[in-house]
$ cat my_file_6.txt   # compact mmCIF, C-alpha atoms and all ligand atoms
# COMPACT_ATOMS: atom_id res chain seq x y z
CA MET Y 18 173.54 30.94 -135.28
CA ASP Y 19 174.94 29.07 -132.33
CA ILE Y 20 173.42 29.30 -128.86
CA LEU Y 21 176.70 28.80 -126.98
CA SER Y 22 178.28 31.77 -128.74
CA ILE Y 23 175.20 33.89 -127.97
CA ILE Y 24 175.53 32.93 -124.29
CA ASP Y 25 179.22 33.80 -124.43
CA LYS Y 26 178.41 37.20 -125.95
CA LEU Y 27 175.79 37.84 -123.25
CA LYS Y 28 178.33 36.93 -120.59
CA THR Y 29 181.25 38.94 -121.91
CA GLN Y 30 179.60 41.85 -123.73
CA HIS Y 31 176.27 41.96 -121.81
CA THR Y 32 174.34 42.28 -125.02
CA ALA Y 33 172.94 40.38 -128.01
CA SER Y 34 171.10 41.37 -131.18
CA ARG Y 35 167.33 41.04 -131.52
CA ASP Y 36 167.78 38.09 -133.89
CA GLU Y 37 170.15 36.37 -131.48
CA LEU Y 38 167.73 36.83 -128.57
CA ILE Y 39 164.82 35.46 -130.60
CA PHE Y 40 166.93 32.50 -131.71
CA LEU Y 41 167.98 31.74 -128.13
CA ILE Y 42 164.44 32.01 -126.76
CA LYS Y 43 163.08 29.70 -129.46
CA ASN Y 44 165.82 27.10 -129.57
CA ILE Y 45 167.73 26.76 -126.30
CA ASN Y 46 167.93 23.14 -125.10
CA ASP Y 47 168.41 21.78 -121.57
CA ASP Y 48 172.22 21.45 -121.82
CA GLU Y 49 172.57 24.97 -123.17
CA ARG Y 50 170.20 26.28 -120.50
CA GLU Y 51 172.51 24.80 -117.88
CA VAL Y 52 175.48 26.67 -119.42
CA LEU Y 53 173.39 29.87 -119.39
CA ARG Y 54 172.29 29.22 -115.79
CA GLN Y 55 175.86 28.72 -114.57
CA ALA Y 56 177.02 31.90 -116.29
CA ALA Y 57 174.13 33.88 -114.75
CA GLN Y 58 174.68 32.42 -111.27
CA GLU Y 59 178.41 33.19 -111.47
CA THR Y 60 177.68 36.74 -112.56
CA ALA Y 61 175.21 37.24 -109.69
CA THR Y 62 177.53 35.79 -107.04
CA GLY Y 63 180.39 37.88 -108.48
CA VAL Y 64 178.36 41.00 -107.64
CA PHE Y 65 176.33 39.96 -104.57
CA GLY Y 66 178.21 36.96 -103.16
CA ASN Y 67 175.77 34.51 -101.59
CA LYS Y 68 173.69 37.35 -100.15
CA ILE Y 69 169.99 37.61 -100.89
CA TYR Y 70 168.18 40.90 -100.36
CA ILE Y 71 164.67 40.82 -98.91
CA ARG Y 72 161.82 43.26 -99.50
CA GLY Y 73 158.78 43.27 -97.25
CA LEU Y 74 155.70 43.43 -99.45
CA ILE Y 75 152.72 45.31 -98.03
CA GLU Y 76 149.65 44.96 -100.25
CA ILE Y 77 147.87 48.16 -99.31
CA SER Y 78 144.74 48.01 -101.48
CA SER Y 79 142.80 45.56 -103.63
CA TYR Y 80 140.71 48.36 -105.16
CA CYS Y 81 141.69 49.25 -108.69
CA LYS Y 82 140.24 51.64 -111.24
CA ASN Y 83 141.92 49.80 -114.10
CA ASP Y 84 140.74 46.80 -116.02
CA CYS Y 85 143.91 44.98 -117.12
CA LEU Y 86 142.60 41.83 -118.76
CA TYR Y 87 144.98 39.48 -116.90
CA CYS Y 88 144.55 40.68 -113.32
CA GLY Y 89 142.16 39.39 -110.67
CA LEU Y 90 141.94 42.86 -109.15
CA ARG Y 91 140.60 44.40 -112.37
CA ARG Y 92 137.67 46.65 -111.71
CA SER Y 93 135.18 44.56 -113.67
CA ASN Y 94 135.83 41.50 -111.47
CA LYS Y 95 132.72 41.64 -109.30
CA ASN Y 96 133.85 38.61 -107.28
CA ALA Y 97 137.00 40.30 -106.00
CA VAL Y 98 136.94 41.12 -102.31
CA ARG Y 99 138.08 44.72 -101.87
CA TYR Y 100 139.99 46.07 -98.88
CA ARG Y 101 142.38 48.86 -98.14
CA LEU Y 102 144.80 49.11 -95.25
CA THR Y 103 144.78 52.08 -92.91
CA LYS Y 104 147.91 54.11 -92.21
CA GLN Y 105 148.04 52.43 -88.80
CA GLN Y 106 147.88 48.96 -90.34
CA ILE Y 107 150.64 49.82 -92.81
CA LEU Y 108 152.85 51.19 -90.02
CA SER Y 109 152.19 48.09 -87.96
CA CYS Y 110 153.35 45.90 -90.91
CA CYS Y 111 156.56 47.97 -91.00
CA GLU Y 112 157.06 47.50 -87.25
CA THR Y 113 156.76 43.73 -87.61
CA GLY Y 114 158.97 43.82 -90.69
CA CYS Y 115 161.70 45.90 -89.10
CA ALA Y 116 161.89 43.49 -86.15
CA LEU Y 117 162.18 40.59 -88.61
CA GLY Y 118 165.18 42.21 -90.33
CA PHE Y 119 163.53 43.94 -93.29
CA ARG Y 120 165.12 47.24 -94.38
CA THR Y 121 162.94 47.76 -97.46
CA PHE Y 122 159.18 48.09 -97.40
CA VAL Y 123 157.27 47.83 -100.66
CA MET Y 124 153.81 49.37 -100.67
CA GLN Y 125 151.93 47.82 -103.57
CA GLY Y 126 148.33 48.10 -104.61
CA GLY Y 127 145.73 48.61 -107.27
CA GLU Y 128 145.21 52.13 -108.60
CA ASP Y 129 142.95 53.17 -105.74
CA GLY Y 130 141.72 56.79 -105.71
CA PHE Y 131 141.73 56.77 -101.90
CA PHE Y 132 145.54 56.83 -101.94
CA THR Y 133 145.98 60.42 -103.10
CA ASP Y 134 149.42 62.06 -103.13
CA GLU Y 135 148.65 63.60 -99.77
CA VAL Y 136 147.71 60.26 -98.20
CA VAL Y 137 150.67 58.33 -99.65
CA CYS Y 138 153.17 61.13 -98.88
CA GLY Y 139 151.92 61.19 -95.28
CA ILE Y 140 152.51 57.45 -94.92
CA VAL Y 141 155.93 57.59 -96.62
CA ARG Y 142 157.06 60.46 -94.36
CA GLU Y 143 155.97 58.61 -91.25
CA ILE Y 144 157.73 55.37 -92.28
CA LYS Y 145 160.93 57.31 -93.00
CA ARG Y 146 160.62 59.18 -89.66
CA ARG Y 147 160.22 55.95 -87.69
CA TYR Y 148 162.65 53.83 -89.72
CA PRO Y 149 165.24 56.21 -91.17
CA ASP Y 150 167.53 53.35 -92.15
CA CYS Y 151 164.85 51.68 -94.28
CA ALA Y 152 164.09 52.15 -97.97
CA VAL Y 153 160.53 52.71 -99.16
CA THR Y 154 159.48 51.29 -102.50
CA LEU Y 155 156.15 52.16 -104.10
CA SER Y 156 154.27 50.10 -106.67
CA LEU Y 157 151.01 51.95 -107.14
CA GLY Y 158 150.70 52.07 -110.90
CA GLU Y 159 150.69 55.04 -113.27
CA ARG Y 160 150.32 58.26 -111.29
CA GLY Y 161 152.05 60.75 -113.59
CA GLU Y 162 155.17 62.84 -113.24
CA GLU Y 163 153.82 65.46 -110.82
CA SER Y 164 152.66 62.79 -108.39
CA PHE Y 165 155.95 60.89 -108.68
CA LYS Y 166 157.88 64.07 -107.83
CA LYS Y 167 155.83 64.59 -104.65
CA LEU Y 168 156.32 60.98 -103.59
CA PHE Y 169 160.06 61.28 -104.16
CA GLU Y 170 160.23 64.51 -102.18
CA ALA Y 171 158.32 62.80 -99.34
CA GLY Y 172 161.18 60.28 -99.15
CA ALA Y 173 160.19 57.32 -101.33
CA ASP Y 174 163.36 55.71 -102.70
CA ARG Y 175 162.20 53.28 -105.36
CA TYR Y 176 159.25 52.71 -107.69
CA LEU Y 177 158.18 49.51 -109.41
CA LEU Y 178 156.17 49.86 -112.60
CA ARG Y 179 156.41 46.85 -114.85
CA HIS Y 180 156.22 47.82 -118.50
CA GLU Y 181 154.27 44.51 -118.96
CA THR Y 182 155.25 44.21 -122.64
CA ALA Y 183 157.38 46.52 -124.74
CA ASP Y 184 155.39 45.81 -127.90
CA LEU Y 185 152.63 48.40 -128.11
CA ALA Y 186 150.29 46.19 -130.17
CA HIS Y 187 150.75 43.34 -127.67
CA TYR Y 188 150.17 45.81 -124.81
CA SER Y 189 146.82 46.73 -126.31
CA LYS Y 190 145.77 43.05 -126.36
CA LEU Y 191 146.37 42.85 -122.60
CA HIS Y 192 144.74 46.15 -121.63
CA PRO Y 193 141.57 48.08 -122.38
CA GLY Y 194 141.76 50.95 -124.88
CA ASN Y 195 142.32 53.64 -122.27
CA MET Y 196 145.63 52.12 -121.21
CA ILE Y 197 148.51 52.93 -123.55
CA GLY Y 198 151.85 51.12 -123.53
CA ALA Y 199 153.76 54.18 -124.74
CA GLU Y 200 152.42 56.19 -121.79
CA ARG Y 201 153.55 53.53 -119.33
CA GLN Y 202 157.03 53.60 -120.87
CA ARG Y 203 157.07 57.40 -120.70
CA GLN Y 204 156.24 57.22 -116.98
CA LEU Y 205 159.12 54.79 -116.45
CA TYR Y 206 161.57 57.29 -118.00
CA ALA Y 207 160.04 60.02 -115.81
CA LEU Y 208 160.58 57.93 -112.66
CA LYS Y 209 164.22 57.44 -113.58
CA SER Y 210 164.85 61.08 -114.32
CA ILE Y 211 163.23 62.14 -111.02
CA GLY Y 212 165.81 59.99 -109.24
CA PHE Y 213 163.87 56.90 -108.21
CA GLN Y 214 165.62 53.56 -108.30
CA THR Y 215 163.21 52.31 -110.92
CA GLY Y 216 161.89 48.84 -111.64
CA ALA Y 217 160.45 47.68 -114.96
CA GLY Y 218 159.43 44.16 -115.87
CA PHE Y 219 156.99 41.90 -117.64
CA MET Y 220 154.99 38.72 -117.41
CA VAL Y 221 156.39 35.65 -119.13
CA GLY Y 222 153.91 33.67 -121.22
CA SER Y 223 151.18 36.29 -121.16
CA PRO Y 224 148.42 35.70 -123.73
CA TYR Y 225 149.46 36.34 -127.37
CA GLN Y 226 153.12 36.84 -126.38
CA THR Y 227 155.71 35.79 -128.97
CA ALA Y 228 159.47 35.21 -128.78
CA GLU Y 229 159.81 38.46 -130.74
CA ASN Y 230 157.87 40.30 -127.99
CA LEU Y 231 160.20 38.87 -125.33
CA ALA Y 232 163.28 39.92 -127.31
CA ASP Y 233 161.81 43.43 -127.49
CA ASP Y 234 161.25 43.35 -123.71
CA LEU Y 235 164.94 42.54 -123.25
CA LEU Y 236 165.96 45.32 -125.64
CA PHE Y 237 163.62 47.76 -123.86
CA LEU Y 238 165.37 46.95 -120.58
CA GLN Y 239 168.69 47.57 -122.26
CA LYS Y 240 167.50 51.01 -123.33
CA LEU Y 241 165.81 52.04 -120.07
CA LYS Y 242 168.52 50.57 -117.84
CA PRO Y 243 166.29 50.17 -114.78
CA GLN Y 244 167.86 49.43 -111.41
CA MET Y 245 165.33 46.64 -110.80
CA CYS Y 246 163.40 44.21 -112.95
CA GLY Y 247 160.45 42.07 -111.91
CA ILE Y 248 159.55 39.16 -114.12
CA GLY Y 249 157.31 36.22 -113.36
CA PRO Y 250 155.09 33.80 -115.21
CA PHE Y 251 151.59 34.88 -116.22
CA ILE Y 252 149.14 32.85 -114.14
CA PRO Y 253 145.47 32.84 -115.13
CA HIS Y 254 142.80 34.08 -112.73
CA LYS Y 255 139.45 32.30 -112.84
CA ASP Y 256 137.39 35.51 -112.90
CA THR Y 257 139.18 37.19 -115.82
CA ASP Y 258 138.77 36.87 -119.60
CA PHE Y 259 142.17 35.18 -119.68
CA ARG Y 260 141.02 32.29 -117.44
CA GLY Y 261 141.40 29.81 -120.32
CA PHE Y 262 144.99 30.70 -121.24
CA ALA Y 263 147.96 28.55 -120.18
CA GLN Y 264 150.27 29.82 -117.47
CA GLY Y 265 153.77 30.96 -118.37
CA GLY Y 266 156.44 28.27 -118.49
CA LEU Y 267 158.99 27.60 -115.76
CA ASP Y 268 161.92 27.00 -118.12
CA LEU Y 269 161.18 30.08 -120.19
CA THR Y 270 160.96 32.26 -117.06
CA LEU Y 271 164.26 30.87 -115.74
CA THR Y 272 165.94 31.37 -119.12
CA LEU Y 273 164.85 35.01 -119.18
CA LEU Y 274 166.02 35.59 -115.59
CA SER Y 275 169.46 34.32 -116.61
CA VAL Y 276 169.57 36.43 -119.77
CA ILE Y 277 168.58 39.55 -117.81
CA ARG Y 278 171.28 38.84 -115.22
CA LEU Y 279 173.92 38.55 -117.95
CA MET Y 280 172.73 41.70 -119.72
CA HIS Y 281 172.60 43.66 -116.42
CA PRO Y 282 175.11 42.21 -113.93
CA HIS Y 283 174.15 44.68 -111.15
CA ILE Y 284 170.38 44.71 -111.59
CA LEU Y 285 168.18 43.91 -108.58
CA LEU Y 286 166.28 40.86 -109.80
CA PRO Y 287 163.65 39.14 -107.66
CA ALA Y 288 162.70 35.49 -107.70
CA THR Y 289 159.00 36.34 -107.64
CA THR Y 290 156.04 34.89 -105.76
CA ALA Y 291 154.50 33.96 -109.14
CA LEU Y 292 157.57 31.81 -109.84
CA GLY Y 293 157.10 30.18 -106.42
CA THR Y 294 153.45 29.60 -107.30
CA ILE Y 295 154.04 27.61 -110.50
CA HIS Y 296 156.71 25.36 -108.94
CA PRO Y 297 157.26 24.39 -105.28
CA GLU Y 298 160.92 25.39 -105.57
CA GLY Y 299 160.42 28.17 -108.08
CA ARG Y 300 162.06 30.86 -105.96
CA GLU Y 301 165.11 28.70 -105.22
CA LEU Y 302 165.41 27.95 -108.95
CA GLY Y 303 165.13 31.67 -109.66
CA ILE Y 304 168.08 32.40 -107.37
CA LEU Y 305 170.11 29.60 -108.95
CA HIS Y 306 169.39 31.17 -112.36
CA GLY Y 307 170.72 34.61 -111.38
CA ALA Y 308 168.06 36.33 -109.25
CA ASN Y 309 169.23 38.01 -106.02
CA VAL Y 310 166.08 39.29 -104.28
CA VAL Y 311 163.03 37.72 -102.62
CA MET Y 312 159.92 39.60 -101.58
CA PRO Y 313 158.11 37.90 -98.72
CA ASN Y 314 154.67 39.13 -97.76
CA LEU Y 315 154.22 41.44 -94.76
CA SER Y 316 150.52 42.13 -95.34
CA PRO Y 317 148.09 41.36 -92.50
CA VAL Y 318 147.13 37.69 -92.81
CA GLU Y 319 143.40 38.46 -92.76
CA HIS Y 320 143.69 40.28 -96.11
CA ARG Y 321 146.28 38.12 -97.88
CA LYS Y 322 143.86 35.95 -99.84
CA ASP Y 323 142.00 39.04 -101.07
CA TYR Y 324 145.02 40.41 -102.93
CA ALA Y 325 144.29 37.77 -105.54
CA ILE Y 326 145.96 38.91 -108.75
CA TYR Y 327 146.15 35.28 -110.01
CA ASP Y 328 144.93 31.88 -108.79
CA ASN Y 329 146.67 29.70 -106.18
CA LYS Y 330 149.04 32.41 -104.92
CA ILE Y 331 151.35 30.99 -102.24
CA CYS Y 332 151.85 32.26 -98.67
CA THR Y 333 148.29 33.57 -98.35
CA GLY Y 334 147.74 31.85 -94.99
CA ASP Y 335 151.14 32.35 -93.41
CA GLU Y 336 152.19 34.91 -90.80
CA SER Y 337 155.06 37.19 -91.84
CA ALA Y 338 157.40 35.61 -89.29
CA ALA Y 339 156.65 32.11 -90.62
CA CYS Y 340 157.25 33.23 -94.22
CA ILE Y 341 160.61 34.82 -93.55
CA ARG Y 342 161.72 31.77 -91.54
CA CYS Y 343 160.60 29.51 -94.36
CA LEU Y 344 162.39 31.59 -96.98
CA SER Y 345 165.59 31.84 -94.91
CA LEU Y 346 165.72 28.06 -94.67
CA ARG Y 347 164.98 27.68 -98.37
CA MET Y 348 167.83 30.06 -99.21
CA GLN Y 349 170.23 28.35 -96.76
CA HIS Y 350 169.35 25.03 -98.33
CA ILE Y 351 170.76 26.21 -101.67
CA GLY Y 352 173.80 27.90 -100.09
CA TYR Y 353 172.51 31.47 -99.87
CA GLN Y 354 171.85 33.80 -96.98
CA ILE Y 355 169.16 36.40 -96.44
CA VAL Y 356 170.69 39.66 -95.19
CA THR Y 357 169.42 42.62 -93.19
CA ASP Y 358 170.37 45.36 -95.65
CA ARG Y 359 168.56 48.04 -97.65
CA GLY Y 360 170.01 46.37 -100.71
CA ASP Y 361 170.31 49.48 -102.86
CA TYR Y 362 171.47 49.38 -106.47
CA LYS Y 363 175.23 49.80 -106.60
N1 LIG J 401 148.59 48.16 -109.83
C1 LIG J 401 150.01 48.25 -109.92
C2 LIG J 401 150.47 47.98 -111.31
O1 LIG J 401 149.75 47.38 -112.08
O2 LIG J 401 151.60 48.35 -111.61
C3 LIG J 401 150.74 47.34 -108.95
C4 LIG J 401 150.06 46.06 -108.59
S1 LIG J 401 149.93 44.87 -109.92
C5 LIG J 401 148.97 43.61 -109.18
C6 LIG J 401 151.59 44.19 -109.93
C7 LIG J 401 151.93 43.28 -111.09
O3 LIG J 401 151.20 42.08 -111.00
C8 LIG J 401 151.62 43.78 -112.46
O4 LIG J 401 152.63 44.65 -112.91
C9 LIG J 401 151.54 42.49 -113.29
O5 LIG J 401 152.73 42.26 -114.03
C10 LIG J 401 151.37 41.41 -112.22
N2 LIG J 401 150.20 40.57 -112.50
C11 LIG J 401 148.91 40.96 -112.58
N3 LIG J 401 148.10 39.93 -112.94
C12 LIG J 401 148.93 38.85 -113.09
C13 LIG J 401 148.70 37.49 -113.46
N4 LIG J 401 147.49 37.04 -113.77
N5 LIG J 401 149.78 36.67 -113.51
C14 LIG J 401 151.01 37.13 -113.20
N6 LIG J 401 151.27 38.39 -112.84
C15 LIG J 401 150.24 39.26 -112.80
FE1 LIG J 402 145.02 47.23 -111.34
FE2 LIG J 402 147.66 46.68 -111.38
FE3 LIG J 402 145.81 44.70 -111.56
FE4 LIG J 402 146.13 46.38 -113.61
S1 LIG J 402 147.68 44.92 -112.80
S2 LIG J 402 144.15 45.73 -112.73
S3 LIG J 402 146.60 48.29 -112.56
S4 LIG J 402 146.18 46.02 -109.83
FE1 LIG J 403 155.75 32.03 -97.27
FE2 LIG J 403 157.28 29.67 -97.34
S1 LIG J 403 157.76 31.69 -98.00
S2 LIG J 403 155.37 30.11 -96.31
$ encode --input "my_file_6.txt" --output "structure tokens" --more "lines below"
Ligand code: SAM
Ligand code: SF4
Ligand code: FES
Amino acid sequence: MDILSIIDKLKTQHTASRDELIFLIKNINDDEREVLRQAAQETATGVFGNKIYIRGLIEISSYCKNDCLYCGLRRSNKNAVRYRLTKQQILSCCETGCALGFRTFVMQGGEDGFFTDEVVCGIVREIKRRYPDCAVTLSLGERGEESFKKLFEAGADRYLLRHETADLAHYSKLHPGNMIGAERQRQLYALKSIGFQTGAGFMVGSPYQTAENLADDLLFLQKLKPQMCGIGPFIPHKDTDFRGFAQGGLDLTLTLLSVIRLMHPHILLPATTALGTIHPEGRELGILHGANVVMPNLSPVEHRKDYAIYDNKICTGDESAACIRCLSLRMQHIGYQIVTDRGDYK
């Protein structure tokens, strides 16, 4: 097998076999990665030009009923500081965000029983009433089809639910027994069929992950065809069982971003905060490898450090206005421009 022909196939046919993906993941060298990067960047600029979409992230709750082994918000972490934002606080984040040019608000949080369908629908309706030209994205975990339908009817446009790993045996090494990978995948298909612009995704370098698992993640994306995909390196959290595992690699994450861009030219692909956490220019590198979205934080500064899903998360002390200024400059520096746009999937 030859890596350059696999890259060419990804670029021209937007696909590769499982064996080819595994071979590429295991063997790509720096020169070949540069060929892959250029192809992915060209593909992204062919679709989006030099425009970067922004999403304002509002971290609405650090309470979670789940116990994912990798996450600092897992319920058994007794050191986690728990908070939840009020409707007023969330609306005030949107007000700040709208003035700063955001046209998508992402409400993300742990699976917190306080945020019932009624509560979330009320907040979604109010955001859509006040900011009718803005998109609302939810990332509130597995809620089931009936809940998703209500949220969609209330006006939510998009839903992010990373599949975490497509391999069900690997999934069960990252989650307690009550969390089932097949169920998560089923909920992703439900989101799509309800009409949400749907986001899947996975951590790169999570404990016990193999190249075969990553190839299966790529093939899962090809089957699901989500409109969005969030990937970022696994980063250990000191108060979880996975504290001793290595963080995911920069090069591997960038390689996968490029492969995903080539397999899905139109997909909305963020350069994630986790990528910015493992390297000072991680988000810029992500864009240069085919990503087209950044998700600066709009959460109230006093709670930022408490949404601690992994250690050393960046931007925990910065006001929203400072973050968006910083990111705009970072994007300009590499020849890109942040735009005021809902940035829907086209
Ligand atoms: N509770 C919701 C859920 O799990 O879908 C949304 C919030 S959760 C914190 C968002 C994402 O954070 C997860 O899908 C997971 O991929 C990522 N994450 C959690 N712990 C992480 C870690 N230690 N390193 C990198 N990413 C992590
Ligand atoms: Fe809860 Fe999401 Fe963290 Fe899992 S990843 S513990 S569901 S916040
Ligand atoms: Fe938050 Fe630079 S993006 S401070």
$ residues_near_ligand --input "my_file_6.txt" --ligand "ligand LIG 401 (chain J)" --cutoff "6 Å" --atoms "only C-alpha atoms and all ligand atoms" --output "list in words"
Tyr87, Cys88, Gln125, Gly126, Gly127, Glu128, Ser156, Leu157, Gly158, Leu178, Arg179, Glu181, Phe219, Met220, Pro250, Phe251, Ile252, Pro253, His254, Ile326 and Tyr327 of chain Y
$ residues_near_point --input "my_file_6.txt" --point "(144.9, 50.9, -119.8)" --cutoff "10 Å" --atoms "only C-alpha atoms" --output "list of chain:residue names"
Y:Lys82, Y:Asn83, Y:Asp84, Y:Cys85, Y:Leu86, Y:Glu159, Y:Tyr188, Y:Ser189, Y:Leu191, Y:His192, Y:Pro193, Y:Gly194, Y:Asn195, Y:Met196, Y:Ile197, Y:Gly198, Y:Glu200, Y:Arg201
$ atom_distance --input "my_file_6.txt" --atom1 "atom CA of Cys81 of chain Y" --atom2 "atom CA of Arg359 of chain Y"
29.1 Å
$ closest_residue --input "my_file_6.txt" --among "Y:Ala183, Y:Gln58, Y:Leu41, Y:Phe131" --to "Leu302 of chain Y" --atoms "all atoms listed in the file"
Y:Gln58
$ closest_residue --input "my_file_6.txt" --among "Y:Thr133, Y:Gln226, Y:Thr215, Y:Ser79" --to "ligand LIG 402 (chain J)" --atoms "all atoms listed in the file"
Y:Ser79
$ residues_near_point --input "my_file_6.txt" --point "(149.4, 49.2, -93.0)" --cutoff "10 Å" --atoms "all atoms listed in the file" --output "CSV table (one decimal) with C-alpha atoms, in the frame of the given file"
chain,number,residue,atom,x,y,z
Y,75,ILE,CA,152.7,45.3,-98.0
Y,76,GLU,CA,149.6,45.0,-100.2
Y,77,ILE,CA,147.9,48.2,-99.3
Y,78,SER,CA,144.7,48.0,-101.5
Y,101,ARG,CA,142.4,48.9,-98.1
Y,102,LEU,CA,144.8,49.1,-95.2
Y,103,THR,CA,144.8,52.1,-92.9
Y,104,LYS,CA,147.9,54.1,-92.2
Y,105,GLN,CA,148.0,52.4,-88.8
Y,106,GLN,CA,147.9,49.0,-90.3
Y,107,ILE,CA,150.6,49.8,-92.8
Y,108,LEU,CA,152.8,51.2,-90.0
Y,109,SER,CA,152.2,48.1,-88.0
Y,110,CYS,CA,153.4,45.9,-90.9
Y,111,CYS,CA,156.6,48.0,-91.0
Y,112,GLU,CA,157.1,47.5,-87.2
Y,124,MET,CA,153.8,49.4,-100.7
Y,140,ILE,CA,152.5,57.4,-94.9
Y,315,LEU,CA,154.2,41.4,-94.8
Y,316,SER,CA,150.5,42.1,-95.3
Y,317,PRO,CA,148.1,41.4,-92.5
$ residues_near_ligand --input "my_file_6.txt" --ligand "ligand LIG 403 (chain J)" --cutoff "7 Å" --atoms "all atoms listed in the file" --output "MDAnalysis selection string"
chainID Y and resid 313 331:332 335 339:341 343:344
$ axis_aligned_box --input "my_file_6.txt" --around "ligand LIG 402 (chain J)" --padding-each-side "8 Å" --output "lines of an AutoDock Vina configuration file"
center_x = 145.9
center_y = 46.5
center_z = -111.7
size_x = 19.5
size_y = 19.6
size_z = 19.8
$ atom_distance --input "my_file_6.txt" --atom1 "atom CA of Leu286 of chain Y" --atom2 "atom CA of Thr62 of chain Y"
12.6 Å
$ atom_distance --input "my_file_6.txt" --atom1 "atom CA of Ala97 of chain Y" --atom2 "atom CA of Tyr80 of chain Y"
8.9 Å
$ closest_atom_pairs --input "my_file_6.txt" --of "segment 29-137 of chain Y" --to "segment 237-240 of chain Y" --cutoff "12 Å" --atoms "only C-alpha atoms" --output "JSON lines"
{"residue": "Y:His31", "atom": "CA", "partner": "Y:Gln239", "partner_atom": "CA", "distance": 9.4}
{"residue": "Y:Thr32", "atom": "CA", "partner": "Y:Gln239", "partner_atom": "CA", "distance": 8.2}
{"residue": "Y:Ala33", "atom": "CA", "partner": "Y:Gln239", "partner_atom": "CA", "distance": 10.1}
{"residue": "Y:Ser34", "atom": "CA", "partner": "Y:Gln239", "partner_atom": "CA", "distance": 11.1}
{"residue": "Y:Arg35", "atom": "CA", "partner": "Y:Phe237", "partner_atom": "CA", "distance": 10.8}
$ decode --input "my_file_6.txt" --residues "segment 245-273 of chain Y" --atoms "C-alpha atoms" --output "tab-separated table (two decimals), in the first residue's frame"
chain	number	residue	atom	x	y	z
Y	245	MET	CA	-20.74	18.38	12.05
Y	246	CYS	CA	-17.89	16.48	13.63
Y	247	GLY	CA	-16.03	17.37	16.81
Y	248	ILE	CA	-12.70	15.72	17.40
Y	249	GLY	CA	-10.00	16.66	19.86
Y	250	PRO	CA	-7.22	14.98	21.79
Y	251	PHE	CA	-8.04	13.10	24.98
Y	252	ILE	CA	-6.52	15.06	27.87
Y	253	PRO	CA	-6.29	13.40	31.28
Y	254	HIS	CA	-8.02	14.91	34.30
Y	255	LYS	CA	-6.26	14.55	37.64
Y	256	ASP	CA	-9.37	13.39	39.51
Y	257	THR	CA	-10.36	10.57	37.14
Y	258	ASP	CA	-9.20	6.95	36.84
Y	259	PHE	CA	-7.54	7.91	33.56
Y	260	ARG	CA	-5.23	10.45	35.23
Y	261	GLY	CA	-2.17	8.32	34.41
Y	262	PHE	CA	-2.84	7.94	30.68
Y	263	ALA	CA	-0.98	10.00	28.06
Y	264	GLN	CA	-2.83	12.77	26.25
Y	265	GLY	CA	-3.75	12.33	22.59
Y	266	GLY	CA	-1.10	13.32	20.07
Y	267	LEU	CA	-1.06	16.58	18.11
Y	268	ASP	CA	0.04	15.02	14.81
Y	269	LEU	CA	-2.50	12.22	15.02
Y	270	THR	CA	-5.32	14.70	15.74
Y	271	LEU	CA	-4.27	16.90	12.81
Y	272	THR	CA	-4.01	13.88	10.51
Y	273	LEU	CA	-7.54	12.82	11.40
